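Undergrad: Enclosed is the structure file structure_14.pdb (PDB, C-alpha atoms, pLDDT in the B column).
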ATOM      1  CA  MET A   1     -22.090 183.599  75.693  1.00 46.00           C
ATOM      2  CA  THR A   2     -21.203 185.583  72.582  1.00 49.00           C
ATOM      3  CA  ASP A   3     -19.021 184.341  69.789  1.00 68.00           C
ATOM      4  CA  ALA A   4     -16.504 187.066  70.663  1.00 69.00           C
ATOM      5  CA  SER A   5     -16.065 185.607  74.152  1.00 86.00           C
ATOM      6  CA  LEU A   6     -15.195 182.276  72.545  1.00 95.00           C
ATOM      7  CA  THR A   7     -12.430 183.751  70.396  1.00 94.00           C
ATOM      8  CA  LEU A   8      -8.747 183.835  71.324  1.00 96.00           C
ATOM      9  CA  PRO A   9      -6.449 186.755  70.513  1.00 96.00           C
ATOM     10  CA  ASP A  10      -4.602 186.258  67.229  1.00 97.00           C
ATOM     11  CA  ALA A  11      -1.234 185.503  68.839  1.00 97.00           C
ATOM     12  CA  GLU A  12      -2.708 182.891  71.189  1.00 97.00           C
ATOM     13  CA  ARG A  13      -4.659 181.302  68.354  1.00 97.00           C
ATOM     14  CA  ALA A  14      -1.513 181.000  66.211  1.00 98.00           C
ATOM     15  CA  ALA A  15       0.502 179.522  69.091  1.00 98.00           C
ATOM     16  CA  LEU A  16      -2.250 177.009  69.809  1.00 98.00           C
ATOM     17  CA  ALA A  17      -2.373 175.953  66.162  1.00 98.00           C
ATOM     18  CA  ASP A  18       1.404 175.460  66.145  1.00 98.00           C
ATOM     19  CA  ARG A  19       1.364 173.313  69.279  1.00 98.00           C
ATOM     20  CA  LEU A  20      -1.508 171.225  67.931  1.00 98.00           C
ATOM     21  CA  ALA A  21       0.332 170.670  64.650  1.00 98.00           C
ATOM     22  CA  SER A  22       3.430 169.584  66.573  1.00 98.00           C
ATOM     23  CA  VAL A  23       1.458 167.046  68.610  1.00 98.00           C
ATOM     24  CA  ARG A  24      -0.244 165.708  65.505  1.00 98.00           C
ATOM     25  CA  GLU A  25       3.179 165.209  63.930  1.00 98.00           C
ATOM     26  CA  ARG A  26       4.376 163.347  67.046  1.00 98.00           C
ATOM     27  CA  ILE A  27       1.340 161.080  66.791  1.00 98.00           C
ATOM     28  CA  GLU A  28       2.005 160.448  63.100  1.00 98.00           C
ATOM     29  CA  GLN A  29       5.625 159.535  63.823  1.00 98.00           C
ATOM     30  CA  ALA A  30       4.677 157.330  66.772  1.00 98.00           C
ATOM     31  CA  ALA A  31       2.123 155.500  64.666  1.00 98.00           C
ATOM     32  CA  ARG A  32       4.633 154.909  61.864  1.00 98.00           C
ATOM     33  CA  SER A  33       7.212 153.621  64.342  1.00 98.00           C
ATOM     34  CA  ALA A  34       4.652 151.190  65.769  1.00 97.00           C
ATOM     35  CA  GLY A  35       3.472 150.047  62.346  1.00 98.00           C
ATOM     36  CA  ARG A  36       0.058 151.544  62.975  1.00 97.00           C
ATOM     37  CA  SER A  37      -2.189 154.009  61.197  1.00 96.00           C
ATOM     38  CA  ALA A  38      -2.507 157.461  62.742  1.00 97.00           C
ATOM     39  CA  GLU A  39      -6.160 157.380  61.685  1.00 96.00           C
ATOM     40  CA  SER A  40      -6.733 154.571  64.194  1.00 96.00           C
ATOM     41  CA  LEU A  41      -5.801 156.918  67.052  1.00 98.00           C
ATOM     42  CA  THR A  42      -8.184 159.360  68.726  1.00 98.00           C
ATOM     43  CA  LEU A  43      -6.721 162.585  70.060  1.00 98.00           C
ATOM     44  CA  ILE A  44      -8.448 163.961  73.153  1.00 98.00           C
ATOM     45  CA  ALA A  45      -7.302 167.513  73.878  1.00 98.00           C
ATOM     46  CA  VAL A  46      -7.456 168.075  77.627  1.00 98.00           C
ATOM     47  CA  THR A  47      -8.574 171.639  78.296  1.00 98.00           C
ATOM     48  CA  LYS A  48      -8.713 171.698  82.107  1.00 96.00           C
ATOM     49  CA  PHE A  49      -7.924 175.080  83.681  1.00 96.00           C
ATOM     50  CA  HIS A  50      -8.147 176.773  80.272  1.00 97.00           C
ATOM     51  CA  PRO A  51     -10.980 179.040  79.107  1.00 96.00           C
ATOM     52  CA  ALA A  52     -13.891 178.019  76.952  1.00 97.00           C
ATOM     53  CA  ALA A  53     -12.417 180.157  74.164  1.00 97.00           C
ATOM     54  CA  LEU A  54      -9.429 177.811  73.900  1.00 98.00           C
ATOM     55  CA  ALA A  55     -11.709 174.764  73.779  1.00 98.00           C
ATOM     56  CA  ALA A  56     -13.783 176.407  71.044  1.00 98.00           C
ATOM     57  CA  GLU A  57     -10.692 177.255  69.037  1.00 98.00           C
ATOM     58  CA  LEU A  58      -9.466 173.664  69.197  1.00 98.00           C
ATOM     59  CA  VAL A  59     -12.748 172.528  67.661  1.00 98.00           C
ATOM     60  CA  ARG A  60     -12.312 175.106  64.902  1.00 97.00           C
ATOM     61  CA  LEU A  61      -8.843 173.611  64.313  1.00 98.00           C
ATOM     62  CA  GLY A  62     -10.388 170.200  63.758  1.00 98.00           C
ATOM     63  CA  VAL A  63     -10.244 168.618  67.228  1.00 98.00           C
ATOM     64  CA  THR A  64     -13.474 166.721  67.833  1.00 98.00           C
ATOM     65  CA  HIS A  65     -12.748 165.231  71.278  1.00 98.00           C
ATOM     66  CA  LEU A  66     -12.132 167.351  74.390  1.00 98.00           C
ATOM     67  CA  GLY A  67     -11.366 166.158  77.912  1.00 98.00           C
ATOM     68  CA  GLU A  68     -12.004 167.644  81.341  1.00 98.00           C
ATOM     69  CA  ASN A  69     -11.158 166.504  84.865  1.00 96.00           C
ATOM     70  CA  ARG A  70     -13.491 168.518  87.093  1.00 96.00           C
ATOM     71  CA  HIS A  71     -17.269 168.411  86.843  1.00 96.00           C
ATOM     72  CA  GLN A  72     -17.974 172.066  87.608  1.00 96.00           C
ATOM     73  CA  GLU A  73     -15.515 173.301  85.010  1.00 97.00           C
ATOM     74  CA  ALA A  74     -16.598 170.721  82.448  1.00 97.00           C
ATOM     75  CA  ALA A  75     -20.279 171.545  82.867  1.00 97.00           C
ATOM     76  CA  ALA A  76     -19.725 175.273  82.408  1.00 97.00           C
ATOM     77  CA  LYS A  77     -17.395 174.873  79.451  1.00 97.00           C
ATOM     78  CA  SER A  78     -19.569 172.372  77.606  1.00 98.00           C
ATOM     79  CA  ALA A  79     -22.614 174.582  78.130  1.00 97.00           C
ATOM     80  CA  ALA A  80     -20.789 177.624  76.767  1.00 97.00           C
ATOM     81  CA  LEU A  81     -19.747 175.802  73.615  1.00 98.00           C
ATOM     82  CA  ALA A  82     -23.181 174.242  73.144  1.00 97.00           C
ATOM     83  CA  GLU A  83     -24.800 177.673  73.348  1.00 97.00           C
ATOM     84  CA  ALA A  84     -22.569 178.757  70.455  1.00 96.00           C
ATOM     85  CA  GLY A  85     -23.443 175.651  68.436  1.00 97.00           C
ATOM     86  CA  ILE A  86     -20.056 174.019  68.992  1.00 97.00           C
ATOM     87  CA  ALA A  87     -20.477 170.339  69.806  1.00 96.00           C
ATOM     88  CA  PRO A  88     -17.343 168.273  70.440  1.00 98.00           C
ATOM     89  CA  THR A  89     -17.486 164.932  72.222  1.00 98.00           C
ATOM     90  CA  TRP A  90     -16.638 165.552  75.869  1.00 98.00           C
ATOM     91  CA  HIS A  91     -14.629 162.986  77.819  1.00 98.00           C
ATOM     92  CA  PHE A  92     -14.709 163.048  81.609  1.00 98.00           C
ATOM     93  CA  LEU A  93     -11.227 162.120  82.856  1.00 98.00           C
ATOM     94  CA  GLY A  94     -11.237 162.937  86.565  1.00 96.00           C
ATOM     95  CA  GLN A  95     -12.194 160.965  89.621  1.00 94.00           C
ATOM     96  CA  LEU A  96     -15.985 161.014  89.723  1.00 94.00           C
ATOM     97  CA  GLN A  97     -18.015 161.290  92.903  1.00 93.00           C
ATOM     98  CA  THR A  98     -21.115 159.136  92.931  1.00 93.00           C
ATOM     99  CA  ASN A  99     -23.386 162.113  93.650  1.00 93.00           C
ATOM    100  CA  LYS A 100     -22.126 163.839  90.482  1.00 92.00           C
ATOM    101  CA  ALA A 101     -22.687 160.849  88.199  1.00 90.00           C
ATOM    102  CA  ARG A 102     -26.057 161.940  86.840  1.00 89.00           C
ATOM    103  CA  HIS A 103     -24.834 165.476  86.197  1.00 93.00           C
ATOM    104  CA  VAL A 104     -21.720 164.372  84.309  1.00 95.00           C
ATOM    105  CA  ALA A 105     -23.823 162.133  82.088  1.00 92.00           C
ATOM    106  CA  ARG A 106     -25.689 165.194  80.804  1.00 93.00           C
ATOM    107  CA  TYR A 107     -22.702 166.398  78.785  1.00 96.00           C
ATOM    108  CA  ALA A 108     -20.077 163.644  78.719  1.00 97.00           C
ATOM    109  CA  GLY A 109     -19.951 161.278  75.782  1.00 97.00           C
ATOM    110  CA  MET A 110     -17.621 158.996  77.700  1.00 98.00           C
ATOM    111  CA  VAL A 111     -16.434 158.603  81.296  1.00 98.00           C
ATOM    112  CA  HIS A 112     -12.908 157.195  81.515  1.00 98.00           C
ATOM    113  CA  THR A 113     -12.701 156.691  85.269  1.00 98.00           C
ATOM    114  CA  VAL A 114     -15.101 153.968  86.356  1.00 98.00           C
ATOM    115  CA  ASP A 115     -13.100 152.274  89.093  1.00 97.00           C
ATOM    116  CA  ARG A 116     -15.368 151.035  91.881  1.00 97.00           C
ATOM    117  CA  PRO A 117     -18.702 149.275  92.420  1.00 97.00           C
ATOM    118  CA  GLU A 118     -20.336 152.313  94.043  1.00 96.00           C
ATOM    119  CA  LEU A 119     -19.772 154.383  90.921  1.00 96.00           C
ATOM    120  CA  VAL A 120     -21.078 151.576  88.711  1.00 96.00           C
ATOM    121  CA  GLN A 121     -24.245 151.507  90.796  1.00 95.00           C
ATOM    122  CA  ALA A 122     -24.697 155.276  90.551  1.00 94.00           C
ATOM    123  CA  LEU A 123     -24.190 155.307  86.783  1.00 92.00           C
ATOM    124  CA  SER A 124     -26.367 152.257  86.234  1.00 89.00           C
ATOM    125  CA  ARG A 125     -29.412 154.344  87.169  1.00 87.00           C
ATOM    126  CA  LEU A 126     -29.046 156.602  84.140  1.00 88.00           C
ATOM    127  CA  GLU A 127     -31.957 156.743  81.723  1.00 80.00           C
ATOM    128  CA  GLN A 128     -29.695 156.643  78.664  1.00 86.00           C
ATOM    129  CA  PRO A 129     -26.704 154.283  78.504  1.00 90.00           C
ATOM    130  CA  LEU A 130     -23.333 156.007  78.865  1.00 96.00           C
ATOM    131  CA  ASP A 131     -20.079 154.888  77.268  1.00 97.00           C
ATOM    132  CA  CYS A 132     -17.418 154.237  79.876  1.00 98.00           C
ATOM    133  CA  LEU A 133     -13.946 152.861  80.445  1.00 98.00           C
ATOM    134  CA  LEU A 134     -12.721 150.806  83.361  1.00 98.00           C
ATOM    135  CA  GLN A 135      -9.793 152.613  84.993  1.00 98.00           C
ATOM    136  CA  VAL A 136      -6.996 150.430  86.344  1.00 98.00           C
ATOM    137  CA  ASN A 137      -4.347 151.614  88.797  1.00 98.00           C
ATOM    138  CA  LEU A 138      -0.813 151.029  87.504  1.00 97.00           C
ATOM    139  CA  THR A 139       0.811 151.887  90.854  1.00 95.00           C
ATOM    140  CA  ASP A 140       0.858 150.413  94.347  1.00 91.00           C
ATOM    141  CA  ASP A 141      -0.701 153.596  95.758  1.00 90.00           C
ATOM    142  CA  GLU A 142      -4.321 152.753  96.514  1.00 86.00           C
ATOM    143  CA  HIS A 143      -5.160 156.465  96.797  1.00 87.00           C
ATOM    144  CA  ARG A 144      -4.603 156.965  93.086  1.00 90.00           C
ATOM    145  CA  GLY A 145      -7.572 156.426  90.821  1.00 92.00           C
ATOM    146  CA  GLY A 146      -8.260 153.019  89.362  1.00 97.00           C
ATOM    147  CA  VAL A 147      -9.186 149.526  90.412  1.00 98.00           C
ATOM    148  CA  ALA A 148      -6.330 147.257  91.491  1.00 97.00           C
ATOM    149  CA  PRO A 149      -5.333 144.751  88.797  1.00 97.00           C
ATOM    150  CA  ASN A 150      -6.712 141.840  90.814  1.00 97.00           C
ATOM    151  CA  GLY A 151     -10.138 143.474  90.675  1.00 98.00           C
ATOM    152  CA  ILE A 152     -10.363 143.865  86.881  1.00 98.00           C
ATOM    153  CA  GLU A 153     -12.548 140.840  86.176  1.00 98.00           C
ATOM    154  CA  SER A 154     -14.984 141.518  89.011  1.00 98.00           C
ATOM    155  CA  LEU A 155     -15.478 145.167  88.092  1.00 98.00           C
ATOM    156  CA  THR A 156     -15.759 144.305  84.400  1.00 98.00           C
ATOM    157  CA  GLU A 157     -18.592 141.916  85.154  1.00 98.00           C
ATOM    158  CA  GLN A 158     -20.358 144.534  87.278  1.00 98.00           C
ATOM    159  CA  ILE A 159     -20.133 147.127  84.503  1.00 98.00           C
ATOM    160  CA  LEU A 160     -21.409 144.652  81.930  1.00 97.00           C
ATOM    161  CA  ALA A 161     -24.406 143.952  84.157  1.00 96.00           C
ATOM    162  CA  ALA A 162     -25.205 147.669  84.646  1.00 95.00           C
ATOM    163  CA  PRO A 163     -28.046 148.772  82.326  1.00 92.00           C
ATOM    164  CA  GLY A 164     -26.882 152.381  82.351  1.00 90.00           C
ATOM    165  CA  LEU A 165     -23.374 151.681  81.103  1.00 96.00           C
ATOM    166  CA  ARG A 166     -21.680 150.521  77.906  1.00 97.00           C
ATOM    167  CA  LEU A 167     -18.182 149.238  78.584  1.00 98.00           C
ATOM    168  CA  ARG A 168     -15.919 150.391  75.771  1.00 98.00           C
ATOM    169  CA  GLY A 169     -12.478 149.537  77.132  1.00 98.00           C
ATOM    170  CA  MET A 170      -9.822 150.441  79.680  1.00 98.00           C
ATOM    171  CA  MET A 171      -8.027 153.582  80.850  1.00 98.00           C
ATOM    172  CA  ALA A 172      -4.908 154.186  82.932  1.00 98.00           C
ATOM    173  CA  VAL A 173      -2.432 156.873  83.890  1.00 96.00           C
ATOM    174  CA  ALA A 174       1.229 155.890  83.822  1.00 94.00           C
ATOM    175  CA  PRO A 175       3.177 156.096  87.084  1.00 94.00           C
ATOM    176  CA  LEU A 176       5.548 159.025  87.521  1.00 90.00           C
ATOM    177  CA  PRO A 177       8.705 158.498  85.412  1.00 87.00           C
ATOM    178  CA  GLN A 178      10.848 158.137  88.532  1.00 89.00           C
ATOM    179  CA  GLU A 179       8.554 155.345  89.726  1.00 93.00           C
ATOM    180  CA  GLU A 180       8.457 153.275  86.556  1.00 94.00           C
ATOM    181  CA  ALA A 181       9.266 153.765  82.894  1.00 95.00           C
ATOM    182  CA  PRO A 182       6.118 154.305  80.833  1.00 96.00           C
ATOM    183  CA  GLU A 183       7.098 151.509  78.446  1.00 96.00           C
ATOM    184  CA  ALA A 184       7.004 148.961  81.271  1.00 97.00           C
ATOM    185  CA  ALA A 185       3.792 150.353  82.741  1.00 97.00           C
ATOM    186  CA  PHE A 186       2.007 150.376  79.391  1.00 97.00           C
ATOM    187  CA  ALA A 187       3.158 146.822  78.651  1.00 97.00           C
ATOM    188  CA  ARG A 188       1.366 145.732  81.828  1.00 97.00           C
ATOM    189  CA  LEU A 189      -1.632 147.805  80.804  1.00 98.00           C
ATOM    190  CA  ALA A 190      -1.843 145.972  77.476  1.00 97.00           C
ATOM    191  CA  ASP A 191      -2.030 142.691  79.383  1.00 98.00           C
ATOM    192  CA  TYR A 192      -4.755 144.072  81.671  1.00 98.00           C
ATOM    193  CA  ALA A 193      -6.745 145.240  78.651  1.00 98.00           C
ATOM    194  CA  ALA A 194      -6.517 141.751  77.155  1.00 98.00           C
ATOM    195  CA  ARG A 195      -7.992 140.369  80.376  1.00 98.00           C
ATOM    196  CA  LEU A 196     -10.885 142.801  80.104  1.00 98.00           C
ATOM    197  CA  ARG A 197     -11.488 141.860  76.465  1.00 98.00           C
ATOM    198  CA  SER A 198     -11.656 138.204  77.398  1.00 98.00           C
ATOM    199  CA  LEU A 199     -14.925 139.118  79.135  1.00 98.00           C
ATOM    200  CA  ALA A 200     -15.988 141.966  76.850  1.00 98.00           C
ATOM    201  CA  PRO A 201     -14.585 141.358  73.344  1.00 98.00           C
ATOM    202  CA  ASP A 202     -16.037 144.585  71.951  1.00 97.00           C
ATOM    203  CA  ALA A 203     -14.368 146.753  74.630  1.00 98.00           C
ATOM    204  CA  THR A 204     -11.387 147.609  72.452  1.00 98.00           C
ATOM    205  CA  ILE A 205     -10.601 151.186  73.526  1.00 98.00           C
ATOM    206  CA  LEU A 206      -7.331 151.680  75.394  1.00 98.00           C
ATOM    207  CA  SER A 207      -7.042 155.199  76.797  1.00 98.00           C
ATOM    208  CA  ALA A 208      -3.418 155.917  77.687  1.00 98.00           C
ATOM    209  CA  GLY A 209      -0.699 158.387  76.888  1.00 96.00           C
ATOM    210  CA  MET A 210      -0.268 162.015  77.818  1.00 97.00           C
ATOM    211  CA  SER A 211       1.996 164.848  76.700  1.00 96.00           C
ATOM    212  CA  HIS A 212       5.215 163.243  77.962  1.00 95.00           C
ATOM    213  CA  ASP A 213       4.577 159.585  77.126  1.00 96.00           C
ATOM    214  CA  LEU A 214       2.297 159.396  74.095  1.00 97.00           C
ATOM    215  CA  GLU A 215       4.914 157.572  72.014  1.00 98.00           C
ATOM    216  CA  ALA A 216       5.187 154.759  74.554  1.00 97.00           C
ATOM    217  CA  ALA A 217       1.410 154.530  74.724  1.00 98.00           C
ATOM    218  CA  VAL A 218       1.036 154.239  70.960  1.00 98.00           C
ATOM    219  CA  ALA A 219       3.708 151.526  70.869  1.00 98.00           C
ATOM    220  CA  ALA A 220       1.746 149.601  73.519  1.00 97.00           C
ATOM    221  CA  GLY A 221      -1.525 149.750  71.600  1.00 98.00           C
ATOM    222  CA  ALA A 222      -3.288 152.831  72.959  1.00 98.00           C
ATOM    223  CA  THR A 223      -6.248 153.963  70.864  1.00 98.00           C
ATOM    224  CA  HIS A 224      -7.105 157.197  72.701  1.00 98.00           C
ATOM    225  CA  LEU A 225      -4.459 159.747  73.722  1.00 98.00           C
ATOM    226  CA  ARG A 226      -5.203 162.362  76.399  1.00 98.00           C
ATOM    227  CA  ILE A 227      -2.964 165.322  75.577  1.00 98.00           C
ATOM    228  CA  GLY A 228      -3.039 168.503  77.631  1.00 97.00           C
ATOM    229  CA  THR A 229      -0.072 170.845  78.076  1.00 97.00           C
ATOM    230  CA  ALA A 230       1.668 169.922  74.815  1.00 98.00           C
ATOM    231  CA  ILE A 231      -1.390 171.349  73.038  1.00 98.00           C
ATOM    232  CA  THR A 232      -2.845 173.917  75.414  1.00 98.00           C
ATOM    233  CA  GLY A 233       0.368 175.318  76.851  1.00 95.00           C
ATOM    234  CA  ASN A 234       0.823 176.045  80.529  1.00 89.00           C
ATOM    235  CA  ARG A 235      -2.295 176.726  82.530  1.00 80.00           C
ATOM    236  CA  PRO A 236      -3.282 180.402  82.790  1.00 78.00           C
ATOM    237  CA  THR A 237      -1.885 182.358  85.703  1.00 64.00           C
ATOM    238  CA  GLN A 238      -4.491 182.709  88.409  1.00 56.00           C
ATOM    239  CA  GLY A 239      -4.849 186.231  89.666  1.00 40.00           C
TER     240      GLY A 239
END
Show me this structure written as structure tokens.

TA:
Amino acid sequence: MTDASLTLPDAERAALADRLASVRERIEQAARSAGRSAESLTLIAVTKFHPAALAAELVRLGVTHLGENRHQEAAAKSAALAEAGIAPTWHFLGQLQTNKARHVARYAGMVHTVDRPELVQALSRLEQPLDCLLQVNLTDDEHRGGVAPNGIESLTEQILAAPGLRLRGMMAVAPLPQEEAPEAAFARLADYAARLRSLAPDATILSAGMSHDLEAAVAAGATHLRIGTAITGNRPTQG
């Protein structure tokens, strides 16, 4: 892929830079309000459904962590940037099928969605250890990603025993606002993360917060923020 194909038009590049600056300011303000340092927070720009050119431009703007939800898209995008010598840390944020585990490990620096024993077993066969987060479900809907809260300790122990994994912390997605306020959901998440750390004291990452609720996540102790639309804008029109 040529450098030209990884370049946005001037107007799109300027709009992207403005949105990124706005999100960074929100993070700064949220950190100040919580009595925290903005430097302690990691911004993951979620580029799903957007072209590789947008991902490349974010790296040029100083973003070092990018997130993707679908393996096929993530693999193609990471390969395109790597070919151009652009090397962000890629975070896999979607539900991961066990038969894709090996493939995702080829480009992902961290998988946020380890939520069941079968996936632990698949990832434990990797030749090189992979950083991962235990995903917990903050809703009563068992079809949403994440282990149920009563399974945190068991899954934590399984991950710790897996030679192919390094447990770095916990991840969750807040319920829909009409289901539960993010402040309440993230308060529960902080308690769940403390339970995980009682077994894995070094697993201090807390991945929470998206475009609409990053302030609540920062107040609750999130260390990694997964921000999509507020930075990237609406997904491109398919046609």

Undergrad: Which is closest to Gly35 (chain A) among A:Asn234, A:Pro182, A:Arg166, A:Ala219, if we use all atoms listed in the file?

TA: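 Result for the nearest residue to Gly35 (chain A): A:Ala219.
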
Undergrad: Which residue, A:Val114, A:Leu6, A:Ala75, A:Ala17, has the smallest gap to Ala53 (chain A) when you use all atoms listed in the file?

TA: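 Of the candidates, the smallest distance to Ala53 (chain A) is held by A:Leu6.
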
Undergrad: Excluding region 22-31 of chain A and any residue of its chain fewer than 2 positions from it, enumerate the residues within 12 Å of it, using only C-alpha atoms, and give them as a ChimeraX atom specification.

TA: /A:15-20,33-45,61-63,209-233

Undergrad: Counting all atoms listed in the file, which of A:Met170, A:Ala181, A:Ala76, A:Ile159 gets nearest to Ala208 (chain A)?

TA: A:Met170

Undergrad: When the PyMOL selection byres ((chain A and resi 175) around 10) is applied to the structure above, which residues does it catch, written out as a list in words?

TA: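 That expression, the PyMOL selection byres ((chain A and resi 175) around 10), corresponds here to Asn137, Leu138, Thr139, Asp140, Asp141, Arg144, Ala172, Val173, Ala174, Leu176, Pro177, Gln178, Glu179, Glu180, Ala181, Pro182, Ala184, Ala185 and Phe186 of chain A.
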
Undergrad: Go ahead and dump the residues you just picked, C-alpha atoms, as a CSV table (one decimal), in the frame of the given file.

TA:
chain,number,residue,atom,x,y,z
A,137,ASN,CA,-4.3,151.6,88.8
A,138,LEU,CA,-0.8,151.0,87.5
A,139,THR,CA,0.8,151.9,90.9
A,140,ASP,CA,0.9,150.4,94.3
A,141,ASP,CA,-0.7,153.6,95.8
A,144,ARG,CA,-4.6,157.0,93.1
A,172,ALA,CA,-4.9,154.2,82.9
A,173,VAL,CA,-2.4,156.9,83.9
A,174,ALA,CA,1.2,155.9,83.8
A,176,LEU,CA,5.5,159.0,87.5
A,177,PRO,CA,8.7,158.5,85.4
A,178,GLN,CA,10.8,158.1,88.5
A,179,GLU,CA,8.6,155.3,89.7
A,180,GLU,CA,8.5,153.3,86.6
A,181,ALA,CA,9.3,153.8,82.9
A,182,PRO,CA,6.1,154.3,80.8
A,184,ALA,CA,7.0,149.0,81.3
A,185,ALA,CA,3.8,150.4,82.7
A,186,PHE,CA,2.0,150.4,79.4

Undergrad: Using the chain letters and residue numbers of this document, give as an NGL selection string the residues selected by the PyMOL selection byres ((chain A and resi 118) around 12).

TA: :A and (96-99 or 101 or 114-117 or 119-125 or 155 or 158-159 or 162)

Undergrad: Expand the PyMOL selection byres ((chain A and resi 149) around 9) into the explicit residue set it covers here, and present it as a PyMOL selection string.

TA: chain A and resi 136-138+146-148+150-153+192

Undergrad: Which residues, written as a list of chain:residue names, have at least one atom at most 8 Å from Gln95 (chain A), with only C-alpha atoms counted and residues fewer than 5 positions away on the same chain left out?

TA: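 Non-adjacent residues within range: A:Asn69, A:Thr113, A:Gly145.
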
Undergrad: Which one is closest to Ser78 (chain A): A:Ala55, A:Ala21, A:Leu133, A:Leu165? Count all atoms listed in the file.

TA: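 Looking only at the distances to Ser78 (chain A), the closest residue turns out to be A:Ala55.
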
Undergrad: Counting all atoms listed in the file, figure out which residue out of A:Leu8, A:Ala193, A:Met110, A:Ala82 gets nearest to Thr156 (chain A).

TA: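 The shortest atom-to-atom distance to Thr156 (chain A) comes from A:Ala193.
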
Undergrad: Between A:Glu73, A:Asp191, A:Glu183, A:Glu68, which has the minimum distance to Gly94 (chain A) (counting all atoms listed in the file)?

TA: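 Looking at the shortest contact to Gly94 (chain A), the residue is A:Glu68.
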
Undergrad: If we count only C-alpha atoms and set the cut-off at 9 Å, which residues sit around Arg235 (chain A), ignoring sequence neighbours fewer than 6 positions away in its own chain? Please answer as a list in words.

TA: Lys48, Phe49, His50 and Thr229 of chain A

Undergrad: So that all listed atoms of region 170-183 of chain A fit with 4 Å spare on each side, what axis-aligned box centre and edge lengths in Å, to one decimal, would you give as AutoDock Vina command-line options?

TA:
--center_x 0.5 --center_y 154.7 --center_z 84.1 --size_x 28.7 --size_y 16.6 --size_z 19.3

Undergrad: Enter the distance from CA of His71 (chain A) to CA of Thr47 (chain A), in Å, rounded to one decimal.

TA: 12.6 Å

Undergrad: Which neighbours of Glu83 (chain A) fall inside 12 Å, counting all atoms listed in the file, when residues of the same chain fewer than 2 positions from it are skipped, and could you give them as a count of residues only?

TA: 16

Undergrad: For Trp90 (chain A), please output as a PyMOL selection string all residues within 6 Å (counting all atoms listed in the file; exclusion window: fewer than 3 positions along the same chain).

TA: chain A and resi 66-67+108-109
